[in-house]
Amino acid sequence: MIPHDTHLHIGSLVFEGIDQIDLTGPFEVLSRIPNATYRIYGKTAAPVRDLKGLRLTPDATLAEAPPLDVLHVPGGCGQEPLMEDTEVLDWIRQQASSACSIFSVCTGALICGAAGLLKGRRATTHWSAFHLLPIFGAIPVNERVIVDGAWVFAAGVTAGIDGALRLAAELRGDAAAQAIQLHMVYAPEPPFDSGTPEAAPAAILDEARRSVRKLTAQREQTARRVAAKLGFSIPARPGNDLTGAR
């Protein structure tokens with residue numbers, strides 16, 4: 001835990017094609033952390049749209065960001081081209097080198113992997129991309145939230161809220177995180193038990209897999225290309241594939 005009188009600079013990456021809940025779910029938590037400044041950073045100051053068209057506006061550009069105490073890297077379909085975006089990857093590497101906490105949500109883990117930051121780390125990501133983690137030298141762990149030293153990984157989308165609460169507890173203590181949870185009225189009671197590949201009905205899971213198959217294949221091609229440039233020993237077929245057959 002960091003002393004409460006130490007001010008924290010918290011920053012989130014935003015980009016075209018982000019999944020807005022990867023950003024806005026954690027925002028509900030991170031923006032409430034005591035004695036902290038929270039801002040959103042983009043390649044430019046221009047608004048971007050999330051994968052469903054929601055308009056999001058950065059507070060400042062990457063170049064204008066101060067050294068961050070907490071770096072938040074979301075995911076979404078727009079993550080795929082960022083794996084080869086030198087400006088973004090350099091910024092993530094620079095910020096991660098001095099941050100006290102790095103928070104990856106969903107396929108933000110693949111962006112961090114492309115920056116060469118996942119080797120030897122226990123990590124998780126969205127079920128559709130989980131099998132790609134070993135390409136970047138990560139140790140895949142099929143859990144909703146993983147804490148590995150200074151890193152917090154959330155599996156995907158709504159898991160970002162859980163991961164952000166874990167991060168808030170790491171930064172300011174359990175009581176602060178519990179107070180944030182209470183103010184958010186975060187006590188989910190979903191009407192269905194269909195939120196993981198293990199729990200979802202077979203027909204629902206099969207359709208979900210079909211819907212992401214093309215993007216997943218594209219992500220894998222890009223991940224392998226980037227990993228090869230980074231000098232990783234790439235497995236012939238990544239293990240723990242949650243997108244394959246039951």
# chains A, B, ... in the order shown; residues from 1 in each chain; ligands from 1
>>> residues_around(residues="Gly76 (chain A)", least_positions_apart="4", cutoff="12 Å", atoms="only C-alpha atoms", output="MDAnalysis selection string")
chainID A and resid 13:23 49:52 80:82 104:111 125:126 128:129 156:157 212 215:216 219
>>> write_last_selection(atoms="C-alpha atoms", output="PDB file, in the first residue's frame")
ATOM      1  CA  LEU A  13      -4.615   4.603 -22.838  1.00  0.00           C
ATOM      2  CA  VAL A  14      -7.480   5.249 -25.273  1.00  0.00           C
ATOM      3  CA  PHE A  15      -7.548   4.313 -28.961  1.00  0.00           C
ATOM      4  CA  GLU A  16      -9.845   3.759 -31.905  1.00  0.00           C
ATOM      5  CA  GLY A  17     -11.743   0.487 -31.566  1.00  0.00           C
ATOM      6  CA  ILE A  18     -11.298   0.195 -27.799  1.00  0.00           C
ATOM      7  CA  ASP A  19     -13.941  -1.720 -25.852  1.00  0.00           C
ATOM      8  CA  GLN A  20     -15.325   1.132 -23.782  1.00  0.00           C
ATOM      9  CA  ILE A  21     -16.034  -0.987 -20.686  1.00  0.00           C
ATOM     10  CA  ASP A  22     -12.339  -1.909 -20.580  1.00  0.00           C
ATOM     11  CA  LEU A  23     -11.859   1.830 -20.030  1.00  0.00           C
ATOM     12  CA  ARG A  49     -14.906   5.708 -31.160  1.00  0.00           C
ATOM     13  CA  ASP A  50     -15.165   2.443 -29.324  1.00  0.00           C
ATOM     14  CA  LEU A  51     -15.950  -0.794 -31.156  1.00  0.00           C
ATOM     15  CA  LYS A  52     -19.696  -0.041 -30.939  1.00  0.00           C
ATOM     16  CA  GLU A  80      -4.634  -5.514 -32.933  1.00  0.00           C
ATOM     17  CA  PRO A  81      -2.928  -2.727 -34.959  1.00  0.00           C
ATOM     18  CA  LEU A  82      -1.385  -1.274 -31.790  1.00  0.00           C
ATOM     19  CA  SER A 104      -3.969  -4.605 -18.167  1.00  0.00           C
ATOM     20  CA  VAL A 105      -7.602  -5.284 -19.076  1.00  0.00           C
ATOM     21  CA  CYS A 106      -8.769  -7.790 -21.695  1.00  0.00           C
ATOM     22  CA  THR A 107      -6.589  -7.800 -24.845  1.00  0.00           C
ATOM     23  CA  GLY A 108      -4.611  -4.896 -23.481  1.00  0.00           C
ATOM     24  CA  ALA A 109      -2.387  -7.769 -22.358  1.00  0.00           C
ATOM     25  CA  LEU A 110      -1.439  -8.410 -25.992  1.00  0.00           C
ATOM     26  CA  ILE A 111      -0.402  -4.772 -26.407  1.00  0.00           C
ATOM     27  CA  THR A 125      -6.799 -11.856 -20.952  1.00  0.00           C
ATOM     28  CA  HIS A 126     -10.100 -12.295 -22.804  1.00  0.00           C
ATOM     29  CA  SER A 128     -10.758 -15.510 -27.159  1.00  0.00           C
ATOM     30  CA  ALA A 129      -7.103 -14.432 -26.940  1.00  0.00           C
ATOM     31  CA  GLY A 156     -11.823  -9.097 -20.055  1.00  0.00           C
ATOM     32  CA  VAL A 157     -14.521  -6.420 -20.243  1.00  0.00           C
ATOM     33  CA  VAL A 212     -14.428 -13.907 -33.141  1.00  0.00           C
ATOM     34  CA  LEU A 215     -10.225 -11.484 -35.523  1.00  0.00           C
ATOM     35  CA  THR A 216      -8.536 -14.123 -33.377  1.00  0.00           C
ATOM     36  CA  ARG A 219      -4.421 -11.332 -33.782  1.00  0.00           C
TER      37      ARG A 219
END
>>> residues_around(residues="Ile146 (chain A)", least_positions_apart="4", cutoff="7 Å", atoms="only C-alpha atoms", output="list in words")
Ala123, Thr124, Val152, Phe153 and Ala154 of chain A
>>> select_by_dssp(residues="region 66-162 of chain A", states="alpha helix (DSSP H)", output="PyMOL selection string")
chain A and resi 79-82+86-98+108-114+159-162
>>> select_by_dssp(residues="region 74-229 of chain A", states="strand (DSSP E or B)", output="list in words")
Ser101, Ile102, Phe103, Ser104, Val105, Arg122, Ala123, Ile139, Pro140, Val145, Ile146, Val147, Asp148, Trp151, Val152, Phe153 and Ala154 of chain A
>>> residues_around(residues="Leu182 (chain A)", least_positions_apart="5", cutoff="12 Å", atoms="only C-alpha atoms", output="list in words")
Glu28, Val29, Arg32, Leu165, Ala175, Ala176, Ala177, Ala187 and Pro188 of chain A
>>> residues_around(residues="Leu62 (chain A)", least_positions_apart="2", cutoff="7 Å", atoms="only C-alpha atoms", output="VMD selection string")
chain A and resid 41 to 43 60 64 to 65
>>> write_last_selection(atoms="N, CA and C atoms", output="mmCIF file, in the first residue's frame")
data_model
loop_
_atom_site.group_PDB
_atom_site.id
_atom_site.type_symbol
_atom_site.label_atom_id
_atom_site.label_comp_id
_atom_site.auth_asym_id
_atom_site.auth_seq_id
_atom_site.Cartn_x
_atom_site.Cartn_y
_atom_site.Cartn_z
ATOM 1 N N TYR A 41 -5.271 9.264 -22.017
ATOM 2 C CA TYR A 41 -4.282 9.710 -22.993
ATOM 3 C C TYR A 41 -4.444 8.968 -24.330
ATOM 4 N N GLY A 42 -4.358 9.738 -25.423
ATOM 5 C CA GLY A 42 -4.445 9.165 -26.762
ATOM 6 C C GLY A 42 -3.278 9.609 -27.622
ATOM 7 N N LYS A 43 -3.122 8.996 -28.789
ATOM 8 C CA LYS A 43 -2.050 9.397 -29.702
ATOM 9 C C LYS A 43 -2.208 10.859 -30.103
ATOM 10 N N ALA A 60 -5.509 14.335 -22.942
ATOM 11 C CA ALA A 60 -4.230 14.844 -23.439
ATOM 12 C C ALA A 60 -3.595 13.787 -24.339
ATOM 13 N N GLU A 64 2.100 14.336 -23.843
ATOM 14 C CA GLU A 64 1.835 15.284 -22.751
ATOM 15 C C GLU A 64 1.703 14.599 -21.394
ATOM 16 N N ALA A 65 1.729 13.281 -21.381
ATOM 17 C CA ALA A 65 1.545 12.558 -20.123
ATOM 18 C C ALA A 65 2.768 12.693 -19.228
#
>>> atom_distance(atom1="CA of Leu71 (chain A)", atom2="CA of Ala217 (chain A)")
28.0 Å
>>> closest_residue(among="A:Phe232, A:Trp151, A:Trp127, A:Phe136", to="Thr196 (chain A)", atoms="only C-alpha atoms")
A:Trp127
>>> closest_residue(among="A:Arg93, A:Arg172, A:Arg55, A:Lys119", to="Asn35 (chain A)", atoms="only C-alpha atoms")
A:Arg172
>>> atom_distance(atom1="CA of Ala115 (chain A)", atom2="CA of Ala36 (chain A)")
26.4 Å
>>> closest_residue(among="A:His183, A:Asp174, A:His9, A:Pro47", to="Ser98 (chain A)", atoms="only C-alpha atoms")
A:His9
>>> residues_around(residues="Ile2 (chain A)", least_positions_apart="5", cutoff="9 Å", atoms="only C-alpha atoms", output="MDAnalysis selection string")
chainID A and resid 170:173
>>> write_last_selection(atoms="N, CA, C and O atoms", output="PDB file, in the first residue's frame")
ATOM      1  N   GLU A 170      -4.572  -2.548  -3.476  1.00  0.00           N
ATOM      2  CA  GLU A 170      -3.115  -2.578  -3.452  1.00  0.00           C
ATOM      3  C   GLU A 170      -2.546  -1.182  -3.204  1.00  0.00           C
ATOM      4  O   GLU A 170      -1.541  -1.029  -2.501  1.00  0.00           O
ATOM      5  N   LEU A 171      -3.203  -0.156  -3.756  1.00  0.00           N
ATOM      6  CA  LEU A 171      -2.685   1.203  -3.673  1.00  0.00           C
ATOM      7  C   LEU A 171      -3.044   1.896  -2.368  1.00  0.00           C
ATOM      8  O   LEU A 171      -2.213   2.591  -1.771  1.00  0.00           O
ATOM      9  N   ARG A 172      -4.300   1.733  -1.934  1.00  0.00           N
ATOM     10  CA  ARG A 172      -4.796   2.511  -0.799  1.00  0.00           C
ATOM     11  C   ARG A 172      -5.377   1.674   0.336  1.00  0.00           C
ATOM     12  O   ARG A 172      -5.856   2.236   1.322  1.00  0.00           O
ATOM     13  N   GLY A 173      -5.339   0.346   0.213  1.00  0.00           N
ATOM     14  CA  GLY A 173      -5.838  -0.505   1.275  1.00  0.00           C
ATOM     15  C   GLY A 173      -7.250  -1.007   1.020  1.00  0.00           C
ATOM     16  O   GLY A 173      -8.001  -0.434   0.232  1.00  0.00           O
TER      17      GLY A 173
END
>>> closest_residue(among="A:Thr24, A:Ser194, A:Thr44, A:Ser211", to="Asp59 (chain A)", atoms="only C-alpha atoms")
A:Thr44
>>> residues_around(residues="Gly116 (chain A)", least_positions_apart="2", cutoff="12 Å", atoms="only C-alpha atoms", output="number ranges by chain")
A: 83-84, 89-90, 92-94, 96-97, 109-114, 118-121, 133, 135-138, 223, 226-232
>>> decode(residues="region 42-55 of chain A", atoms="all heavy atoms", output="PDB file, in the first residue's frame")
ATOM      1  N   GLY A  42      -4.358   9.738 -25.423  1.00  0.00           N
ATOM      2  CA  GLY A  42      -4.445   9.165 -26.762  1.00  0.00           C
ATOM      3  C   GLY A  42      -3.278   9.609 -27.622  1.00  0.00           C
ATOM      4  O   GLY A  42      -2.530  10.526 -27.251  1.00  0.00           O
ATOM      5  N   LYS A  43      -3.122   8.996 -28.789  1.00  0.00           N
ATOM      6  CA  LYS A  43      -2.050   9.397 -29.702  1.00  0.00           C
ATOM      7  C   LYS A  43      -2.208  10.859 -30.103  1.00  0.00           C
ATOM      8  O   LYS A  43      -1.233  11.585 -30.280  1.00  0.00           O
ATOM      9  CB  LYS A  43      -2.043   8.507 -30.949  1.00  0.00           C
ATOM     10  CG  LYS A  43      -1.539   7.105 -30.699  1.00  0.00           C
ATOM     11  CD  LYS A  43      -1.372   6.336 -32.001  1.00  0.00           C
ATOM     12  CE  LYS A  43      -0.279   6.916 -32.867  1.00  0.00           C
ATOM     13  NZ  LYS A  43       0.012   6.071 -34.050  1.00  0.00           N
ATOM     14  N   THR A  44      -3.454  11.292 -30.275  1.00  0.00           N
ATOM     15  CA  THR A  44      -3.772  12.697 -30.515  1.00  0.00           C
ATOM     16  C   THR A  44      -4.868  13.086 -29.531  1.00  0.00           C
ATOM     17  O   THR A  44      -5.394  12.236 -28.806  1.00  0.00           O
ATOM     18  CB  THR A  44      -4.247  12.936 -31.955  1.00  0.00           C
ATOM     19  OG1 THR A  44      -5.570  12.406 -32.101  1.00  0.00           O
ATOM     20  CG2 THR A  44      -3.319  12.277 -32.967  1.00  0.00           C
ATOM     21  N   ALA A  45      -5.228  14.359 -29.537  1.00  0.00           N
ATOM     22  CA  ALA A  45      -6.304  14.831 -28.667  1.00  0.00           C
ATOM     23  C   ALA A  45      -7.666  14.646 -29.309  1.00  0.00           C
ATOM     24  O   ALA A  45      -8.690  14.978 -28.698  1.00  0.00           O
ATOM     25  CB  ALA A  45      -6.080  16.297 -28.311  1.00  0.00           C
ATOM     26  N   ALA A  46      -7.702  14.097 -30.511  1.00  0.00           N
ATOM     27  CA  ALA A  46      -8.966  13.934 -31.226  1.00  0.00           C
ATOM     28  C   ALA A  46      -9.799  12.810 -30.611  1.00  0.00           C
ATOM     29  O   ALA A  46      -9.251  11.815 -30.128  1.00  0.00           O
ATOM     30  CB  ALA A  46      -8.692  13.632 -32.690  1.00  0.00           C
ATOM     31  N   PRO A  47     -11.127  12.946 -30.633  1.00  0.00           N
ATOM     32  CA  PRO A  47     -11.990  11.872 -30.126  1.00  0.00           C
ATOM     33  C   PRO A  47     -11.805  10.592 -30.937  1.00  0.00           C
ATOM     34  O   PRO A  47     -11.453  10.623 -32.120  1.00  0.00           O
ATOM     35  CB  PRO A  47     -13.410  12.436 -30.314  1.00  0.00           C
ATOM     36  CG  PRO A  47     -13.234  13.914 -30.417  1.00  0.00           C
ATOM     37  CD  PRO A  47     -11.907  14.112 -31.085  1.00  0.00           C
ATOM     38  N   VAL A  48     -12.030   9.478 -30.279  1.00  0.00           N
ATOM     39  CA  VAL A  48     -12.028   8.168 -30.939  1.00  0.00           C
ATOM     40  C   VAL A  48     -13.383   7.524 -30.672  1.00  0.00           C
ATOM     41  O   VAL A  48     -14.158   7.984 -29.836  1.00  0.00           O
ATOM     42  CB  VAL A  48     -10.898   7.260 -30.414  1.00  0.00           C
ATOM     43  CG1 VAL A  48      -9.540   7.888 -30.687  1.00  0.00           C
ATOM     44  CG2 VAL A  48     -11.065   6.976 -28.915  1.00  0.00           C
ATOM     45  N   ARG A  49     -13.662   6.442 -31.384  1.00  0.00           N
ATOM     46  CA  ARG A  49     -14.906   5.708 -31.160  1.00  0.00           C
ATOM     47  C   ARG A  49     -14.581   4.294 -30.708  1.00  0.00           C
ATOM     48  O   ARG A  49     -13.648   3.676 -31.219  1.00  0.00           O
ATOM     49  CB  ARG A  49     -15.777   5.682 -32.418  1.00  0.00           C
ATOM     50  CG  ARG A  49     -16.330   7.058 -32.774  1.00  0.00           C
ATOM     51  CD  ARG A  49     -17.421   6.975 -33.822  1.00  0.00           C
ATOM     52  NE  ARG A  49     -17.913   8.286 -34.190  1.00  0.00           N
ATOM     53  CZ  ARG A  49     -18.883   8.938 -33.540  1.00  0.00           C
ATOM     54  NH1 ARG A  49     -19.450   8.362 -32.486  1.00  0.00           N
ATOM     55  NH2 ARG A  49     -19.281  10.125 -33.949  1.00  0.00           N
ATOM     56  N   ASP A  50     -15.365   3.816 -29.777  1.00  0.00           N
ATOM     57  CA  ASP A  50     -15.165   2.443 -29.324  1.00  0.00           C
ATOM     58  C   ASP A  50     -15.727   1.497 -30.370  1.00  0.00           C
ATOM     59  O   ASP A  50     -16.285   1.919 -31.390  1.00  0.00           O
ATOM     60  CB  ASP A  50     -15.780   2.256 -27.924  1.00  0.00           C
ATOM     61  CG  ASP A  50     -17.152   1.622 -27.932  1.00  0.00           C
ATOM     62  OD1 ASP A  50     -18.019   2.083 -28.716  1.00  0.00           O
ATOM     63  OD2 ASP A  50     -17.378   0.684 -27.156  1.00  0.00           O
ATOM     64  N   LEU A  51     -15.591   0.186 -30.137  1.00  0.00           N
ATOM     65  CA  LEU A  51     -15.950  -0.794 -31.156  1.00  0.00           C
ATOM     66  C   LEU A  51     -17.439  -0.787 -31.496  1.00  0.00           C
ATOM     67  O   LEU A  51     -17.858  -1.304 -32.526  1.00  0.00           O
ATOM     68  CB  LEU A  51     -15.489  -2.193 -30.748  1.00  0.00           C
ATOM     69  CG  LEU A  51     -15.978  -2.782 -29.427  1.00  0.00           C
ATOM     70  CD1 LEU A  51     -17.281  -3.518 -29.613  1.00  0.00           C
ATOM     71  CD2 LEU A  51     -14.915  -3.707 -28.840  1.00  0.00           C
ATOM     72  N   LYS A  52     -18.266  -0.165 -30.655  1.00  0.00           N
ATOM     73  CA  LYS A  52     -19.696  -0.041 -30.939  1.00  0.00           C
ATOM     74  C   LYS A  52     -20.089   1.388 -31.290  1.00  0.00           C
ATOM     75  O   LYS A  52     -21.271   1.687 -31.452  1.00  0.00           O
ATOM     76  CB  LYS A  52     -20.524  -0.527 -29.746  1.00  0.00           C
ATOM     77  CG  LYS A  52     -20.366  -2.005 -29.450  1.00  0.00           C
ATOM     78  CD  LYS A  52     -20.866  -2.863 -30.602  1.00  0.00           C
ATOM     79  CE  LYS A  52     -20.793  -4.340 -30.269  1.00  0.00           C
ATOM     80  NZ  LYS A  52     -21.219  -5.196 -31.402  1.00  0.00           N
ATOM     81  N   GLY A  53     -19.101   2.271 -31.387  1.00  0.00           N
ATOM     82  CA  GLY A  53     -19.369   3.619 -31.858  1.00  0.00           C
ATOM     83  C   GLY A  53     -19.436   4.699 -30.804  1.00  0.00           C
ATOM     84  O   GLY A  53     -19.660   5.871 -31.136  1.00  0.00           O
ATOM     85  N   LEU A  54     -19.245   4.365 -29.529  1.00  0.00           N
ATOM     86  CA  LEU A  54     -19.281   5.379 -28.482  1.00  0.00           C
ATOM     87  C   LEU A  54     -18.096   6.325 -28.639  1.00  0.00           C
ATOM     88  O   LEU A  54     -16.959   5.889 -28.788  1.00  0.00           O
ATOM     89  CB  LEU A  54     -19.244   4.734 -27.098  1.00  0.00           C
ATOM     90  CG  LEU A  54     -19.340   5.690 -25.903  1.00  0.00           C
ATOM     91  CD1 LEU A  54     -20.703   6.355 -25.853  1.00  0.00           C
ATOM     92  CD2 LEU A  54     -19.071   4.945 -24.598  1.00  0.00           C
ATOM     93  N   ARG A  55     -18.360   7.622 -28.564  1.00  0.00           N
ATOM     94  CA  ARG A  55     -17.332   8.629 -28.764  1.00  0.00           C
ATOM     95  C   ARG A  55     -16.609   8.897 -27.447  1.00  0.00           C
ATOM     96  O   ARG A  55     -17.243   9.157 -26.413  1.00  0.00           O
ATOM     97  CB  ARG A  55     -17.989   9.912 -29.283  1.00  0.00           C
ATOM     98  CG  ARG A  55     -17.051  10.969 -29.828  1.00  0.00           C
ATOM     99  CD  ARG A  55     -17.904  12.139 -30.330  1.00  0.00           C
ATOM    100  NE  ARG A  55     -17.111  13.200 -30.877  1.00  0.00           N
ATOM    101  CZ  ARG A  55     -16.767  13.311 -32.153  1.00  0.00           C
ATOM    102  NH1 ARG A  55     -17.146  12.380 -33.013  1.00  0.00           N
ATOM    103  NH2 ARG A  55     -16.065  14.340 -32.583  1.00  0.00           N
TER     104      ARG A  55
END
